[in-house]
Amino acid sequence: MSALDNEAAGEGNIVESRAGLGADDMISPEEWAVRVDLAIAYRLLDWLDMTDLIHTHVSVRVPGESEQFLQLPYGHLFGEARASQMVKVDPEGGIISDPTGLGISKGGFCIHSVIHMNRDDAACVMHAHTEASIAVANYKQGLLPLTQHALRFYGRTGYLDYCGFFDSSEKRDRIPAALGKGDVLMLRNHGPLVVGPSVRIAFSRMYYLERACRMQVASLSQCTDPAEELVYVEAGECETLSNAFQGGSDVIDREWEALVRMLDRTNPGYDE
């Protein structure tokens with residue numbers, strides 16, 4: 001039985017920290033850069049009001065370490081994120097280092113861990129509980145090809161029916177199976193999981209997914225018969241645009257750098 005099994009909400013869901021970060025614990029420049037990006041992502045999600053108090057998570061693989069991951073201490077708000085305070089854990093949620101002593105949410109990390117361990121390209125995993133994304137996840141047809149924003153995810157979105165807590169290996173194994181090679185997994189009645197080869201790319205995907213979901217909710221609110229009243233993008237164009245949106249790391253870097261400048265003005269300290 002995995003150490004992640006039989007976990008529920010509440011006290012039993014917290015992995016207590018017994019490890020600290022001492023003066024002898026060295027952080028490589030590569031790991032520090034990832035820590036800074038992770039702290040930036042948390043603060044940007046706070047700025048965008050895409051948080052659920054201390055719940056939902058962003059995790060990222062430590063560079064050069066296939067079985068070590070970083071995430072925010074369980075008890076810090078996203079807007080408080082700092083690079084030096086990230087908790088480092090193993091695939092089972094075991095604490096490797098934690099300067100805060102707050103530990104992590106085992107129930108939260110377990111859905112990230114199973115993706116990290118089954119997808120080499122999933123360096124970063126983000127999970128959200130926003131109104132728009134859950135509304136679309138609950139819609140039987142899921143994310144519709146109604147907007148250019150939605151086309152970014154055409155053919156790259158999986159769906160998984162609600163199964164309560166992911167408190168067994170059998171339940172968790174459904175996650176990578178449903179995600180496949182896609183970029184997004186919509187957990188029905190729960191919220192989306194977004195994966196990316198870097199924090200920046202995962203954040204970009206989460207941002208544009210949220211925008212696409214808000215646009216869909218707004219469009220559906222205006223009609224009683226979506227099949228008859230809404231205009232859908234033709235399948236051929238969906239494929240073309242979906243493929244065209246892949247890559248684009250230079251544009252993503254430009255967006256990221258602009259957002260970092262905004263944080264430097266309004267919410268500095270993420271790189272401490």
# chains A, B, ... in the order shown; residues from 1 in each chain; ligands from 1
call {"tool": "residues_around", "arguments": {"residues": "Pro29 (chain A)", "least_positions_apart": "4", "cutoff": "12 Å", "atoms": "only C-alpha atoms", "output": "PyMOL selection string"}}
result
chain A and resi 33-36+62-64
call {"tool": "residues_around", "arguments": {"residues": "Thr51 (chain A)", "least_positions_apart": "3", "cutoff": "12 Å", "atoms": "only C-alpha atoms", "output": "PDB file with all heavy atoms, in the first residue's frame"}}
result
ATOM      1  N   ALA A  41       4.654  32.050  -9.987  1.00  0.00           N
ATOM      2  CA  ALA A  41       3.398  31.460 -10.444  1.00  0.00           C
ATOM      3  C   ALA A  41       2.336  31.507  -9.356  1.00  0.00           C
ATOM      4  O   ALA A  41       1.175  31.867  -9.614  1.00  0.00           O
ATOM      5  CB  ALA A  41       3.622  30.021 -10.900  1.00  0.00           C
ATOM      6  N   TYR A  42       2.711  31.165  -8.141  1.00  0.00           N
ATOM      7  CA  TYR A  42       1.750  31.240  -7.036  1.00  0.00           C
ATOM      8  C   TYR A  42       1.232  32.666  -6.867  1.00  0.00           C
ATOM      9  O   TYR A  42       0.027  32.898  -6.695  1.00  0.00           O
ATOM     10  CB  TYR A  42       2.405  30.775  -5.735  1.00  0.00           C
ATOM     11  CG  TYR A  42       2.337  29.284  -5.483  1.00  0.00           C
ATOM     12  CD1 TYR A  42       3.479  28.491  -5.513  1.00  0.00           C
ATOM     13  CD2 TYR A  42       1.127  28.668  -5.161  1.00  0.00           C
ATOM     14  CE1 TYR A  42       3.424  27.124  -5.250  1.00  0.00           C
ATOM     15  CE2 TYR A  42       1.052  27.311  -4.893  1.00  0.00           C
ATOM     16  CZ  TYR A  42       2.204  26.544  -4.938  1.00  0.00           C
ATOM     17  OH  TYR A  42       2.141  25.190  -4.672  1.00  0.00           O
ATOM     18  N   ARG A  43       2.121  33.625  -6.904  1.00  0.00           N
ATOM     19  CA  ARG A  43       1.686  35.021  -6.700  1.00  0.00           C
ATOM     20  C   ARG A  43       0.822  35.510  -7.864  1.00  0.00           C
ATOM     21  O   ARG A  43      -0.116  36.294  -7.652  1.00  0.00           O
ATOM     22  CB  ARG A  43       2.904  35.926  -6.498  1.00  0.00           C
ATOM     23  CG  ARG A  43       3.620  35.639  -5.185  1.00  0.00           C
ATOM     24  CD  ARG A  43       4.447  36.819  -4.730  1.00  0.00           C
ATOM     25  NE  ARG A  43       5.186  36.515  -3.504  1.00  0.00           N
ATOM     26  CZ  ARG A  43       5.713  37.428  -2.718  1.00  0.00           C
ATOM     27  NH1 ARG A  43       5.588  38.719  -3.017  1.00  0.00           N
ATOM     28  NH2 ARG A  43       6.378  37.082  -1.625  1.00  0.00           N
ATOM     29  N   LEU A  44       1.121  35.053  -9.071  1.00  0.00           N
ATOM     30  CA  LEU A  44       0.296  35.448 -10.205  1.00  0.00           C
ATOM     31  C   LEU A  44      -1.101  34.840 -10.109  1.00  0.00           C
ATOM     32  O   LEU A  44      -2.097  35.494 -10.437  1.00  0.00           O
ATOM     33  CB  LEU A  44       0.969  35.023 -11.514  1.00  0.00           C
ATOM     34  CG  LEU A  44       2.220  35.799 -11.899  1.00  0.00           C
ATOM     35  CD1 LEU A  44       2.855  35.202 -13.145  1.00  0.00           C
ATOM     36  CD2 LEU A  44       1.918  37.284 -12.119  1.00  0.00           C
ATOM     37  N   LEU A  45      -1.197  33.595  -9.669  1.00  0.00           N
ATOM     38  CA  LEU A  45      -2.508  32.980  -9.490  1.00  0.00           C
ATOM     39  C   LEU A  45      -3.306  33.724  -8.422  1.00  0.00           C
ATOM     40  O   LEU A  45      -4.529  33.879  -8.541  1.00  0.00           O
ATOM     41  CB  LEU A  45      -2.349  31.510  -9.127  1.00  0.00           C
ATOM     42  CG  LEU A  45      -1.805  30.612 -10.247  1.00  0.00           C
ATOM     43  CD1 LEU A  45      -1.480  29.231  -9.707  1.00  0.00           C
ATOM     44  CD2 LEU A  45      -2.787  30.516 -11.407  1.00  0.00           C
ATOM     45  N   ASP A  46      -2.618  34.216  -7.399  1.00  0.00           N
ATOM     46  CA  ASP A  46      -3.287  35.036  -6.382  1.00  0.00           C
ATOM     47  C   ASP A  46      -3.777  36.337  -6.998  1.00  0.00           C
ATOM     48  O   ASP A  46      -4.920  36.751  -6.766  1.00  0.00           O
ATOM     49  CB  ASP A  46      -2.311  35.312  -5.239  1.00  0.00           C
ATOM     50  CG  ASP A  46      -2.898  36.237  -4.193  1.00  0.00           C
ATOM     51  OD1 ASP A  46      -3.818  35.810  -3.467  1.00  0.00           O
ATOM     52  OD2 ASP A  46      -2.441  37.395  -4.091  1.00  0.00           O
ATOM     53  N   TRP A  47      -2.937  36.974  -7.794  1.00  0.00           N
ATOM     54  CA  TRP A  47      -3.304  38.237  -8.455  1.00  0.00           C
ATOM     55  C   TRP A  47      -4.516  38.046  -9.353  1.00  0.00           C
ATOM     56  O   TRP A  47      -5.383  38.918  -9.449  1.00  0.00           O
ATOM     57  CB  TRP A  47      -2.102  38.740  -9.250  1.00  0.00           C
ATOM     58  CG  TRP A  47      -2.365  39.914 -10.129  1.00  0.00           C
ATOM     59  CD1 TRP A  47      -2.702  41.180  -9.749  1.00  0.00           C
ATOM     60  CD2 TRP A  47      -2.306  39.941 -11.558  1.00  0.00           C
ATOM     61  NE1 TRP A  47      -2.852  41.998 -10.853  1.00  0.00           N
ATOM     62  CE2 TRP A  47      -2.609  41.254 -11.973  1.00  0.00           C
ATOM     63  CE3 TRP A  47      -2.013  38.983 -12.525  1.00  0.00           C
ATOM     64  CZ2 TRP A  47      -2.645  41.628 -13.316  1.00  0.00           C
ATOM     65  CZ3 TRP A  47      -2.046  39.343 -13.854  1.00  0.00           C
ATOM     66  CH2 TRP A  47      -2.354  40.659 -14.241  1.00  0.00           C
ATOM     67  N   LEU A  48      -4.622  36.881  -9.987  1.00  0.00           N
ATOM     68  CA  LEU A  48      -5.733  36.591 -10.892  1.00  0.00           C
ATOM     69  C   LEU A  48      -6.956  36.049 -10.157  1.00  0.00           C
ATOM     70  O   LEU A  48      -7.961  35.719 -10.791  1.00  0.00           O
ATOM     71  CB  LEU A  48      -5.284  35.561 -11.934  1.00  0.00           C
ATOM     72  CG  LEU A  48      -4.248  36.063 -12.940  1.00  0.00           C
ATOM     73  CD1 LEU A  48      -3.626  34.890 -13.689  1.00  0.00           C
ATOM     74  CD2 LEU A  48      -4.876  37.057 -13.912  1.00  0.00           C
ATOM     75  N   ILE A  54      -5.831  28.276   1.095  1.00  0.00           N
ATOM     76  CA  ILE A  54      -4.547  27.565   1.064  1.00  0.00           C
ATOM     77  C   ILE A  54      -4.640  26.268   0.255  1.00  0.00           C
ATOM     78  O   ILE A  54      -3.685  25.492   0.195  1.00  0.00           O
ATOM     79  CB  ILE A  54      -4.048  27.237   2.488  1.00  0.00           C
ATOM     80  CG1 ILE A  54      -5.012  26.288   3.203  1.00  0.00           C
ATOM     81  CG2 ILE A  54      -3.856  28.521   3.287  1.00  0.00           C
ATOM     82  CD1 ILE A  54      -4.495  25.757   4.529  1.00  0.00           C
ATOM     83  N   HIS A  55      -5.782  26.029  -0.374  1.00  0.00           N
ATOM     84  CA  HIS A  55      -6.017  24.774  -1.078  1.00  0.00           C
ATOM     85  C   HIS A  55      -5.740  24.943  -2.572  1.00  0.00           C
ATOM     86  O   HIS A  55      -5.646  26.047  -3.075  1.00  0.00           O
ATOM     87  CB  HIS A  55      -7.432  24.287  -0.822  1.00  0.00           C
ATOM     88  CG  HIS A  55      -7.775  24.287   0.634  1.00  0.00           C
ATOM     89  ND1 HIS A  55      -7.224  23.408   1.539  1.00  0.00           N
ATOM     90  CD2 HIS A  55      -8.573  25.108   1.364  1.00  0.00           C
ATOM     91  CE1 HIS A  55      -7.676  23.652   2.746  1.00  0.00           C
ATOM     92  NE2 HIS A  55      -8.496  24.702   2.679  1.00  0.00           N
ATOM     93  N   THR A  56      -5.660  23.843  -3.271  1.00  0.00           N
ATOM     94  CA  THR A  56      -5.108  23.710  -4.632  1.00  0.00           C
ATOM     95  C   THR A  56      -3.605  23.970  -4.569  1.00  0.00           C
ATOM     96  O   THR A  56      -3.112  24.630  -3.635  1.00  0.00           O
ATOM     97  CB  THR A  56      -5.779  24.602  -5.688  1.00  0.00           C
ATOM     98  OG1 THR A  56      -5.360  25.958  -5.542  1.00  0.00           O
ATOM     99  CG2 THR A  56      -7.286  24.489  -5.621  1.00  0.00           C
ATOM    100  N   HIS A  57      -2.899  23.493  -5.569  1.00  0.00           N
ATOM    101  CA  HIS A  57      -1.444  23.484  -5.472  1.00  0.00           C
ATOM    102  C   HIS A  57      -0.794  23.623  -6.838  1.00  0.00           C
ATOM    103  O   HIS A  57      -1.401  23.331  -7.871  1.00  0.00           O
ATOM    104  CB  HIS A  57      -0.958  22.184  -4.817  1.00  0.00           C
ATOM    105  CG  HIS A  57      -1.661  21.874  -3.529  1.00  0.00           C
ATOM    106  ND1 HIS A  57      -1.344  22.498  -2.343  1.00  0.00           N
ATOM    107  CD2 HIS A  57      -2.696  21.046  -3.256  1.00  0.00           C
ATOM    108  CE1 HIS A  57      -2.147  22.066  -1.384  1.00  0.00           C
ATOM    109  NE2 HIS A  57      -2.983  21.182  -1.915  1.00  0.00           N
ATOM    110  N   VAL A  58       0.450  24.045  -6.807  1.00  0.00           N
ATOM    111  CA  VAL A  58       1.348  24.008  -7.962  1.00  0.00           C
ATOM    112  C   VAL A  58       2.580  23.242  -7.509  1.00  0.00           C
ATOM    113  O   VAL A  58       3.134  23.534  -6.437  1.00  0.00           O
ATOM    114  CB  VAL A  58       1.761  25.412  -8.430  1.00  0.00           C
ATOM    115  CG1 VAL A  58       2.626  25.318  -9.677  1.00  0.00           C
ATOM    116  CG2 VAL A  58       0.542  26.302  -8.650  1.00  0.00           C
ATOM    117  N   HIS A  76       0.401  28.542   3.790  1.00  0.00           N
ATOM    118  CA  HIS A  76       0.726  29.843   3.207  1.00  0.00           C
ATOM    119  C   HIS A  76      -0.277  30.171   2.101  1.00  0.00           C
ATOM    120  O   HIS A  76      -0.615  29.324   1.280  1.00  0.00           O
ATOM    121  CB  HIS A  76       2.134  29.834   2.613  1.00  0.00           C
ATOM    122  CG  HIS A  76       3.212  29.971   3.636  1.00  0.00           C
ATOM    123  ND1 HIS A  76       4.497  30.340   3.309  1.00  0.00           N
ATOM    124  CD2 HIS A  76       3.206  29.804   4.989  1.00  0.00           C
ATOM    125  CE1 HIS A  76       5.238  30.379   4.404  1.00  0.00           C
ATOM    126  NE2 HIS A  76       4.476  30.056   5.435  1.00  0.00           N
ATOM    127  N   LEU A  77      -0.742  31.409   2.071  1.00  0.00           N
ATOM    128  CA  LEU A  77      -1.539  31.886   0.951  1.00  0.00           C
ATOM    129  C   LEU A  77      -0.648  32.034  -0.276  1.00  0.00           C
ATOM    130  O   LEU A  77       0.565  32.262  -0.161  1.00  0.00           O
ATOM    131  CB  LEU A  77      -2.186  33.222   1.299  1.00  0.00           C
ATOM    132  CG  LEU A  77      -3.208  33.197   2.442  1.00  0.00           C
ATOM    133  CD1 LEU A  77      -3.606  34.626   2.808  1.00  0.00           C
ATOM    134  CD2 LEU A  77      -4.425  32.366   2.074  1.00  0.00           C
ATOM    135  N   PHE A  78      -1.243  31.938  -1.451  1.00  0.00           N
ATOM    136  CA  PHE A  78      -0.454  32.026  -2.685  1.00  0.00           C
ATOM    137  C   PHE A  78       0.304  33.340  -2.769  1.00  0.00           C
ATOM    138  O   PHE A  78       1.438  33.391  -3.261  1.00  0.00           O
ATOM    139  CB  PHE A  78      -1.366  31.887  -3.903  1.00  0.00           C
ATOM    140  CG  PHE A  78      -1.826  30.478  -4.189  1.00  0.00           C
ATOM    141  CD1 PHE A  78      -1.781  29.488  -3.219  1.00  0.00           C
ATOM    142  CD2 PHE A  78      -2.316  30.141  -5.435  1.00  0.00           C
ATOM    143  CE1 PHE A  78      -2.205  28.198  -3.479  1.00  0.00           C
ATOM    144  CE2 PHE A  78      -2.734  28.855  -5.720  1.00  0.00           C
ATOM    145  CZ  PHE A  78      -2.689  27.877  -4.742  1.00  0.00           C
ATOM    146  N   GLY A  79      -0.297  34.409  -2.291  1.00  0.00           N
ATOM    147  CA  GLY A  79       0.339  35.715  -2.369  1.00  0.00           C
ATOM    148  C   GLY A  79       1.531  35.874  -1.451  1.00  0.00           C
ATOM    149  O   GLY A  79       2.258  36.864  -1.538  1.00  0.00           O
ATOM    150  N   MET A 126      -0.306  22.046 -12.262  1.00  0.00           N
ATOM    151  CA  MET A 126      -1.120  23.049 -11.584  1.00  0.00           C
ATOM    152  C   MET A 126      -2.547  22.539 -11.452  1.00  0.00           C
ATOM    153  O   MET A 126      -3.079  21.896 -12.360  1.00  0.00           O
ATOM    154  CB  MET A 126      -1.146  24.363 -12.367  1.00  0.00           C
ATOM    155  CG  MET A 126       0.168  25.079 -12.434  1.00  0.00           C
ATOM    156  SD  MET A 126      -0.004  26.723 -13.191  1.00  0.00           S
ATOM    157  CE  MET A 126       1.681  27.330 -13.009  1.00  0.00           C
ATOM    158  N   HIS A 127      -3.157  22.845 -10.313  1.00  0.00           N
ATOM    159  CA  HIS A 127      -4.545  22.456 -10.058  1.00  0.00           C
ATOM    160  C   HIS A 127      -5.306  23.682  -9.572  1.00  0.00           C
ATOM    161  O   HIS A 127      -4.773  24.483  -8.802  1.00  0.00           O
ATOM    162  CB  HIS A 127      -4.573  21.346  -9.005  1.00  0.00           C
ATOM    163  CG  HIS A 127      -5.948  20.867  -8.646  1.00  0.00           C
ATOM    164  ND1 HIS A 127      -6.923  20.623  -9.579  1.00  0.00           N
ATOM    165  CD2 HIS A 127      -6.504  20.578  -7.429  1.00  0.00           C
ATOM    166  CE1 HIS A 127      -8.015  20.203  -8.968  1.00  0.00           C
ATOM    167  NE2 HIS A 127      -7.794  20.181  -7.661  1.00  0.00           N
ATOM    168  N   ALA A 128      -6.549  23.833 -10.041  1.00  0.00           N
ATOM    169  CA  ALA A 128      -7.352  25.002  -9.668  1.00  0.00           C
ATOM    170  C   ALA A 128      -8.771  24.584  -9.314  1.00  0.00           C
ATOM    171  O   ALA A 128      -9.234  23.503  -9.696  1.00  0.00           O
ATOM    172  CB  ALA A 128      -7.365  26.018 -10.806  1.00  0.00           C
ATOM    173  N   HIS A 129      -9.444  25.476  -8.581  1.00  0.00           N
ATOM    174  CA  HIS A 129     -10.844  25.279  -8.214  1.00  0.00           C
ATOM    175  C   HIS A 129     -11.658  26.517  -8.597  1.00  0.00           C
ATOM    176  O   HIS A 129     -12.459  26.989  -7.792  1.00  0.00           O
ATOM    177  CB  HIS A 129     -10.998  25.066  -6.696  1.00  0.00           C
ATOM    178  CG  HIS A 129     -10.477  23.790  -6.164  1.00  0.00           C
ATOM    179  ND1 HIS A 129     -10.288  23.573  -4.801  1.00  0.00           N
ATOM    180  CD2 HIS A 129     -10.107  22.647  -6.768  1.00  0.00           C
ATOM    181  CE1 HIS A 129      -9.821  22.357  -4.601  1.00  0.00           C
ATOM    182  NE2 HIS A 129      -9.691  21.770  -5.788  1.00  0.00           N
ATOM    183  N   THR A 130     -11.464  27.066  -9.765  1.00  0.00           N
ATOM    184  CA  THR A 130     -12.182  28.293 -10.110  1.00  0.00           C
ATOM    185  C   THR A 130     -13.607  27.985 -10.566  1.00  0.00           C
ATOM    186  O   THR A 130     -13.894  26.894 -11.065  1.00  0.00           O
ATOM    187  CB  THR A 130     -11.466  29.068 -11.229  1.00  0.00           C
ATOM    188  OG1 THR A 130     -11.540  28.330 -12.449  1.00  0.00           O
ATOM    189  CG2 THR A 130     -10.005  29.311 -10.870  1.00  0.00           C
ATOM    190  N   GLU A 131     -14.480  28.983 -10.417  1.00  0.00           N
ATOM    191  CA  GLU A 131     -15.884  28.788 -10.786  1.00  0.00           C
ATOM    192  C   GLU A 131     -16.030  28.408 -12.255  1.00  0.00           C
ATOM    193  O   GLU A 131     -16.755  27.463 -12.600  1.00  0.00           O
ATOM    194  CB  GLU A 131     -16.683  30.064 -10.504  1.00  0.00           C
ATOM    195  CG  GLU A 131     -16.847  30.399  -9.037  1.00  0.00           C
ATOM    196  CD  GLU A 131     -15.752  31.332  -8.531  1.00  0.00           C
ATOM    197  OE1 GLU A 131     -14.665  31.357  -9.140  1.00  0.00           O
ATOM    198  OE2 GLU A 131     -15.983  32.029  -7.526  1.00  0.00           O
ATOM    199  N   GLY A 191     -12.300  20.293 -10.745  1.00  0.00           N
ATOM    200  CA  GLY A 191     -11.454  21.344 -11.286  1.00  0.00           C
ATOM    201  C   GLY A 191     -10.360  20.782 -12.180  1.00  0.00           C
ATOM    202  O   GLY A 191     -10.130  19.569 -12.204  1.00  0.00           O
TER     203      GLY A 191
END
call {"tool": "atom_distance", "arguments": {"atom1": "CA of Ala227 (chain A)", "atom2": "CA of Asn138 (chain A)"}}
result
17.6 Å
call {"tool": "select_by_dssp", "arguments": {"residues": "region 7-205 of chain A", "states": "helix (DSSP H, G or I)", "output": "VMD selection string"}}
result
chain A and resid 11 to 13 29 to 47 78 to 80 83 to 85 106 to 118 131 to 138 148 to 151 169 to 179 199 to 205
call {"tool": "select_by_dssp", "arguments": {"residues": "region 95-254 of chain A", "states": "strand (DSSP E or B)", "output": "list in words"}}
result
Ile95, Ile96, Ser97, Ile104, Ser105, Cys124, Val125, Met126, His127, Thr157, Gly158, Tyr159, Leu160, Val184, Leu185, Met186, Leu187, Gly191, Pro192, Leu193, Val194, Val195 and Gly196 of chain A
call {"tool": "atom_distance", "arguments": {"atom1": "CA of Glu92 (chain A)", "atom2": "CA of Gly108 (chain A)"}}
result
11.6 Å
call {"tool": "residues_around", "arguments": {"residues": "Ser66 (chain A)", "least_positions_apart": "5", "cutoff": "12 Å", "atoms": "only C-alpha atoms", "output": "list of chain:residue names"}}
result
A:Val60, A:Arg61, A:Val89, A:Asp90, A:Pro91, A:Ser113, A:His116, A:Met117, A:Asn118, A:Arg119, A:Asp120, A:Asp121, A:Ala122, A:Ala123
call {"tool": "write_last_selection", "arguments": {"atoms": "N, CA and C atoms", "output": "compact mmCIF listing (two decimals), in the first residue's frame"}}
result
# COMPACT_ATOMS: atom_id res chain seq x y z
N VAL A 60 6.43 21.40 -8.87
CA VAL A 60 7.42 21.39 -9.94
C VAL A 60 8.54 20.44 -9.56
N ARG A 61 9.06 19.76 -10.58
CA ARG A 61 10.17 18.82 -10.36
C ARG A 61 11.47 19.60 -10.17
N VAL A 89 9.70 17.56 -1.48
CA VAL A 89 9.13 16.27 -1.10
C VAL A 89 9.53 15.19 -2.09
N ASP A 90 9.32 13.92 -1.67
CA ASP A 90 9.53 12.79 -2.57
C ASP A 90 8.19 12.40 -3.19
N PRO A 91 8.14 11.40 -4.09
CA PRO A 91 6.89 11.06 -4.76
C PRO A 91 5.76 10.62 -3.84
N SER A 113 1.60 14.05 -7.90
CA SER A 113 2.67 13.07 -7.94
C SER A 113 2.46 12.01 -9.01
N HIS A 116 3.42 13.54 -12.34
CA HIS A 116 4.87 13.70 -12.43
C HIS A 116 5.56 12.37 -12.71
N MET A 117 5.13 11.32 -12.04
CA MET A 117 5.81 10.04 -12.13
C MET A 117 5.44 9.25 -13.38
N ASN A 118 4.39 9.67 -14.07
CA ASN A 118 3.97 8.96 -15.29
C ASN A 118 4.22 9.75 -16.57
N ARG A 119 4.61 11.01 -16.42
CA ARG A 119 4.88 11.85 -17.60
C ARG A 119 6.21 12.56 -17.40
N ASP A 120 7.22 12.14 -18.16
CA ASP A 120 8.53 12.77 -18.05
C ASP A 120 8.48 14.25 -18.39
N ASP A 121 7.54 14.64 -19.27
CA ASP A 121 7.45 16.03 -19.71
C ASP A 121 6.63 16.88 -18.75
N ALA A 122 6.08 16.27 -17.70
CA ALA A 122 5.25 17.02 -16.74
C ALA A 122 6.14 17.54 -15.62
N ALA A 123 6.98 18.51 -15.94
CA ALA A 123 7.84 19.11 -14.91
C ALA A 123 7.01 19.90 -13.91
call {"tool": "residues_around", "arguments": {"residues": "Ser219 (chain A)", "least_positions_apart": "3", "cutoff": "12 Å", "atoms": "only C-alpha atoms", "output": "MDAnalysis selection string"}}
result
chainID A and resid 132 136 143:147 212:216 222:227 229:232
call {"tool": "closest_atom_pairs", "arguments": {"of": "region 121-222 of chain A", "to": "region 238-262 of chain A", "cutoff": "8 Å", "atoms": "only C-alpha atoms", "output": "CSV"}}
result
residue,atom,partner,partner_atom,distance
A:Pro145,CA,A:Cys238,CA,7.2
A:Gln148,CA,A:Leu241,CA,7.8
A:Leu151,CA,A:Ser242,CA,5.3
A:Arg152,CA,A:Ser242,CA,4.7
A:Phe153,CA,A:Ser242,CA,6.4
A:Tyr154,CA,A:Ser242,CA,5.8
A:Gly155,CA,A:Ser242,CA,7.8
A:Arg200,CA,A:Trp256,CA,6.9
A:Ile201,CA,A:Ile252,CA,6.8
A:Ser204,CA,A:Ile252,CA,6.9
call {"tool": "write_last_selection", "arguments": {"atoms": "all heavy atoms", "output": "tab-separated table (two decimals), in the first residue's frame"}}
result
chain	number	residue	atom	x	y	z
A	145	PRO	N	-15.44	24.20	-28.76
A	145	PRO	CA	-14.67	25.03	-29.69
A	145	PRO	C	-15.42	26.30	-30.08
A	145	PRO	O	-15.79	26.51	-31.23
A	145	PRO	CB	-14.46	24.10	-30.88
A	145	PRO	CG	-15.67	23.22	-30.88
A	145	PRO	CD	-15.99	23.00	-29.44
A	148	GLN	N	-11.27	31.25	-29.88
A	148	GLN	CA	-9.87	31.00	-30.24
A	148	GLN	C	-9.09	30.53	-29.01
A	148	GLN	O	-8.18	29.70	-29.12
A	148	GLN	CB	-9.25	32.27	-30.82
A	148	GLN	CG	-7.83	32.10	-31.31
A	148	GLN	CD	-7.38	33.24	-32.18
A	148	GLN	OE1	-7.74	33.33	-33.36
A	148	GLN	NE2	-6.62	34.16	-31.59
A	151	LEU	N	-9.45	26.83	-28.61
A	151	LEU	CA	-8.80	26.00	-29.63
A	151	LEU	C	-7.38	25.61	-29.22
A	151	LEU	O	-6.85	24.62	-29.72
A	151	LEU	CB	-8.77	26.75	-30.97
A	151	LEU	CG	-10.14	27.11	-31.55
A	151	LEU	CD1	-9.99	27.66	-32.95
A	151	LEU	CD2	-11.09	25.91	-31.54
A	152	ARG	N	-6.78	26.37	-28.35
A	152	ARG	CA	-5.45	26.03	-27.83
A	152	ARG	C	-5.46	24.62	-27.21
A	152	ARG	O	-4.44	23.93	-27.21
A	152	ARG	CB	-5.06	27.07	-26.77
A	152	ARG	CG	-3.68	26.93	-26.18
A	152	ARG	CD	-3.48	28.03	-25.14
A	152	ARG	NE	-3.54	29.35	-25.72
A	152	ARG	CZ	-2.48	30.10	-26.04
A	152	ARG	NH1	-1.27	29.65	-25.82
A	152	ARG	NH2	-2.64	31.30	-26.54
A	153	PHE	N	-6.62	24.20	-26.71
A	153	PHE	CA	-6.72	22.93	-25.99
A	153	PHE	C	-7.50	21.86	-26.76
A	153	PHE	O	-7.79	20.80	-26.22
A	153	PHE	CB	-7.37	23.18	-24.63
A	153	PHE	CG	-6.69	24.26	-23.85
A	153	PHE	CD1	-7.22	25.55	-23.79
A	153	PHE	CD2	-5.48	24.03	-23.22
A	153	PHE	CE1	-6.58	26.56	-23.11
A	153	PHE	CE2	-4.82	25.04	-22.53
A	153	PHE	CZ	-5.38	26.31	-22.48
A	154	TYR	N	-7.82	22.16	-28.00
A	154	TYR	CA	-8.59	21.22	-28.81
A	154	TYR	C	-7.80	19.92	-29.01
A	154	TYR	O	-6.65	19.92	-29.45
A	154	TYR	CB	-8.90	21.84	-30.18
A	154	TYR	CG	-9.79	20.99	-31.05
A	154	TYR	CD1	-11.16	20.99	-30.88
A	154	TYR	CD2	-9.25	20.18	-32.05
A	154	TYR	CE1	-12.00	20.21	-31.68
A	154	TYR	CE2	-10.06	19.40	-32.86
A	154	TYR	CZ	-11.43	19.42	-32.66
A	154	TYR	OH	-12.24	18.64	-33.45
A	155	GLY	N	-8.41	18.79	-28.65
A	155	GLY	CA	-7.75	17.50	-28.78
A	155	GLY	C	-6.67	17.26	-27.74
A	155	GLY	O	-5.95	16.25	-27.81
A	200	ARG	N	6.53	28.21	-16.40
A	200	ARG	CA	6.01	29.27	-17.27
A	200	ARG	C	4.97	28.74	-18.24
A	200	ARG	O	3.91	29.35	-18.46
A	200	ARG	CB	7.15	29.94	-18.03
A	200	ARG	CG	8.17	30.62	-17.14
A	200	ARG	CD	9.27	31.25	-17.95
A	200	ARG	NE	10.30	31.81	-17.06
A	200	ARG	CZ	11.19	32.71	-17.41
A	200	ARG	NH1	11.22	33.16	-18.67
A	200	ARG	NH2	12.07	33.18	-16.55
A	201	ILE	N	5.26	27.62	-18.86
A	201	ILE	CA	4.35	27.06	-19.85
A	201	ILE	C	3.08	26.55	-19.17
A	201	ILE	O	1.97	26.75	-19.67
A	201	ILE	CB	5.04	25.96	-20.67
A	201	ILE	CG1	6.12	26.59	-21.57
A	201	ILE	CG2	4.03	25.17	-21.51
A	201	ILE	CD1	6.97	25.59	-22.33
A	204	SER	N	0.95	29.56	-18.40
A	204	SER	CA	0.32	30.09	-19.60
A	204	SER	C	-0.90	29.24	-19.97
A	204	SER	O	-1.97	29.77	-20.32
A	204	SER	CB	1.32	30.11	-20.76
A	204	SER	OG	0.71	30.57	-21.96
call {"tool": "closest_atom_pairs", "arguments": {"of": "region 89-114 of chain A", "to": "region 156-167 of chain A", "cutoff": "12 Å", "atoms": "only C-alpha atoms", "output": "CSV"}}
result
residue,atom,partner,partner_atom,distance
A:Lys106,CA,A:Asp167,CA,9.9
A:Gly107,CA,A:Phe166,CA,7.2
A:Gly108,CA,A:Phe166,CA,9.0
A:Phe109,CA,A:Phe166,CA,10.2
A:Cys110,CA,A:Phe166,CA,7.4
A:Ile111,CA,A:Phe166,CA,7.2
A:His112,CA,A:Phe166,CA,10.9
A:Ser113,CA,A:Phe166,CA,11.6
A:Val114,CA,A:Phe166,CA,10.5
call {"tool": "closest_residue", "arguments": {"among": "A:Glu237, A:Asp264, A:Glu210, A:Asp183", "to": "Asp49 (chain A)", "atoms": "only C-alpha atoms"}}
result
A:Glu210
